[in-house]
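A.B. asks: Below are the structure tokens for one structure; questions will follow.
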Protein chains: 2
Amino acid sequence: MADVAEKAGVSRALVSIIFRNQPGASEETRQRVLRVADEIGYRPDSAARLLARGRSRTLGVMFTVHQTFHTDLIEGIYAEVERLGYEVLLSGATPGRSEEKAVEALLSHRCEAVILLGSFAEPSLLEELGGRTVAVSVSRRVPHAHVDFVHTAEGKGVRQAMDHLVELGHRRIAHIDGGSGPGSAERRRAYRAAMRRHGLESEARVFPGDHTERSGIETGRLLLAERDQGNPLPTAVLAGNDRCAMGLLMTLTRAGVEVPRDVSVVGYDDSHLSHLMPIGLTTVRQDAGLMAECAVRFAVERLEKPELEPREAVLDPKLVVRGSSGPVPEPSA
Amino acid sequence: MADVAEKAGVSRALVSIIFRNQPGASEETRQRVLRVADEIGYRPDSAARLLARGRSRTLGVMFTVHQTFHTDLIEGIYAEVERLGYEVLLSGATPGRSEEKAVEALLSHRCEAVILLGSFAEPSLLEELGGRTVAVSVSRRVPHAHVDFVHTAEGKGVRQAMDHLVELGHRRIAHIDGGSGPGSAERRRAYRAAMRRHGLESEARVFPGDHTERSGIETGRLLLAERDQGNPLPTAVLAGNDRCAMGLLMTLTRAGVEVPRDVSVVGYDDSHLSHLMPIGLTTVRQDAGLMAECAVRFAVERLEKPELEPREAVLDPKLVVRGSSGPVPEPSA
DNA sequence: TACTCGTACTAGAGCGCGCTAGTAGAGCGC
DNA sequence: GCGCTCTACTAGCGCGCTCTAGTACGAGTA
């Protein structure tokens, strides 16, 4: 920066002004300085910039590398953040890199706020985080934490899915649980409630699982094994999310069970995977773009008015009927 | 930091030493300082740390948000980077955020080196980048750029896939091109060469496309339309990558074309999607973990010995035969 | 006793910016 | 001529840390 200033024959301060796009420099000098900077190959150093001004205007985003729905969210986040003149830092959690580590990385890079995409972490982590900084949790509810919360009305989505299945004549509807995954508890409760409401309480069955393909595959194997021992398959399965649904779909189809002729499968998320399966996955759509927008807006608004209390945004889910759900099978002879 | 120093009754410098895990502090003081820091809630500020020491020990990773293979790579990168005592900053390219922008963000955050995952960008961007910093390109070759390069032997992978198909009796084998996607040119050339080698030159057909599901879907539609006009479908298709293969698979299956009975489909990458399809995708496996490891190692080694010339790592691909490829269909009456 | 040496610690410069408080000069009304 | 305002620019401190060059002191050695 000093080099640029010298070569352009101005002070460092003026170069600074120009690079911040602030008024206070003549158009002529502005052009000259920018040209010189370009020649030298100067680029402002965010670390120093960050240090010098108190604020970093940077939002940190923690996501799970393999969660396809997160990539949809990230796309929305970039768009909205840019619109508001902030920056984004991504930090991924992987099997070998805990959420805590990912978040620490963000904080130590001076993110002013942290957006957690579908965190799986201990509630205590979020509580602590909420006390320390502005935090927004997407999908994952943490009751007493000082954290903004963006999610879809899980109950509503599940209800739509269940009504759809019941309307198609299904009674033996099973649910694969999402474990500690975001929204799982609500989905499970809503599943149970819907079964009760339709008078199918005795048919309710919840399989333990999580939000990965693996749990769908495992549940599929379990169901097949049961069938081979004479227990009928459920006629429909509400999976914990799309990935889980995909795993299940694959396992069943491979074993010769036809979807939806023999079993209907419904997912959750409408990640861009869902329309990929040959038959298309019936699923509950969460609007990733809108969720991202809300999350960013919550973070930014709270940064700019620190006295604001954390808020909650509940978006409407929408059942998308594709090929993986159909009428209940004829009772085979 | 000053607060910690004061409260613990030591100098700032000593606190610094302790937080850098350097020798020069007694065990007793060390414990006391760490305890005090914890009470106050102090955490070192990377921005300042970055600024103060010349080196950031940070590698920037540019990736494409929706490219599932990239998430596999990222996982490997985190692991290797941590082992070497560096940090990672991620920056995603999306439809609304160009690669150039993503890279700029990394550089301005003082990344010492940049790893580009399957860049689609203009060669000139990479050339310029290579002149400015240590850069590693994964999958995408840029002939004259001063950039390390990690990729699999595309030609070898394609050859294995083609030999596999020919062995199964296929002759009318089409290829969906990956457009400007990384490795596409090599794959296309290898496809043509293999057709020639097997004496099938006259059957060769390359469909324009890219590395997304959409191009698979579109090619699928095109093929179906041709069939309806009386032109036979190819008996096998080598897709540009897995995502493209998935799109094709979906479109064909939906239209009642059975895979692999009517058409065999082969992908490329073996991203974790591939085993998801009900029938499993036959594909050419690239070892993401190993690629990630190489890329990180190249970057770090060149950072530590700047006189080193950029290198190239060619990894062996491996054909993984799953359910989407099978013997050539009986000629239908 | 005088000297090295090693350990435990400190003073203070400087990393590359942003920002506040300032100056110099041009233009204008009276 | 004076004071005023406005634009274009500058001096220099400070952000929170690292790092070099030190000091203080006790133990070991001649």
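Chain labels follow the order of the structure tokens: the first chain is A, the next B, and so on; residue numbering restarts at 1 in every chain, and ligands are counted from 1 in their shown order.
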Pick out the residues sitting within 10 Å of region 12-24 of chain C, and hand them over as a ChimeraX atom specification; count only C-alpha atoms (C1' of nucleotides), and ignore anything fewer than 5 positions along from it in its own chain.
C.D. replies: /A:1-2,12-13,16-17,20,44-54 /B:48-54 /D:8-15,17-21
A.B. asks: I need the chain B residues near chain A as number ranges by chain; criterion: at most 6 Å, counting only C-alpha atoms.
C.D. replies: B: 45-47, 65, 71, 90, 108-109, 250, 253-254, 277-278
A.B. asks: I'd like the neighbourhood of DC4 (chain D) as a PyMOL selection string, where a residue qualifies if any of its atoms comes within 12 Å (using only C-alpha atoms (C1' of nucleotides)), though same-chain residues fewer than 3 positions away should be ignored.
C.D. replies: chain C and resi 27-30
A.B. asks: Identify, on the basis of only C-alpha atoms (C1' of nucleotides), every residue whose closest approach to region 195-211 of chain B does not exceed 9 Å; exclude the query and any residue fewer than 6 positions from it along the same chain; express the result as an MDAnalysis selection string.
C.D. replies: chainID B and resid 67 162:163 166 171:182 184 188 218:219 239:244
A.B. asks: Extract, using only C-alpha atoms (C1' of nucleotides), all DNA, RNA and protein residues at most 10 Å from Lys318 (chain A), discarding same-chain residues fewer than 4 positions from it, and format them as a ChimeraX atom specification.
C.D. replies: /A:152-153,156-158,160-161,268-270,283-287
A.B. asks: Select from region 85-322 of chain B everything DSSP, run on the backbone, classes as strand (DSSP E or B), then give the selection as a PyMOL selection string.
C.D. replies: chain B and resi 87-94+97+113-117+134-138+148-152+173-176+205-207+236-238+264-269+282-285+312-315+318-320
A.B. asks: Work out how far apart CA of Tyr191 (chain B) and CA of Ser324 (chain B) are and give it in Å to one decimal.
C.D. replies: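 Between these atoms lies a distance of 18.6 Å.
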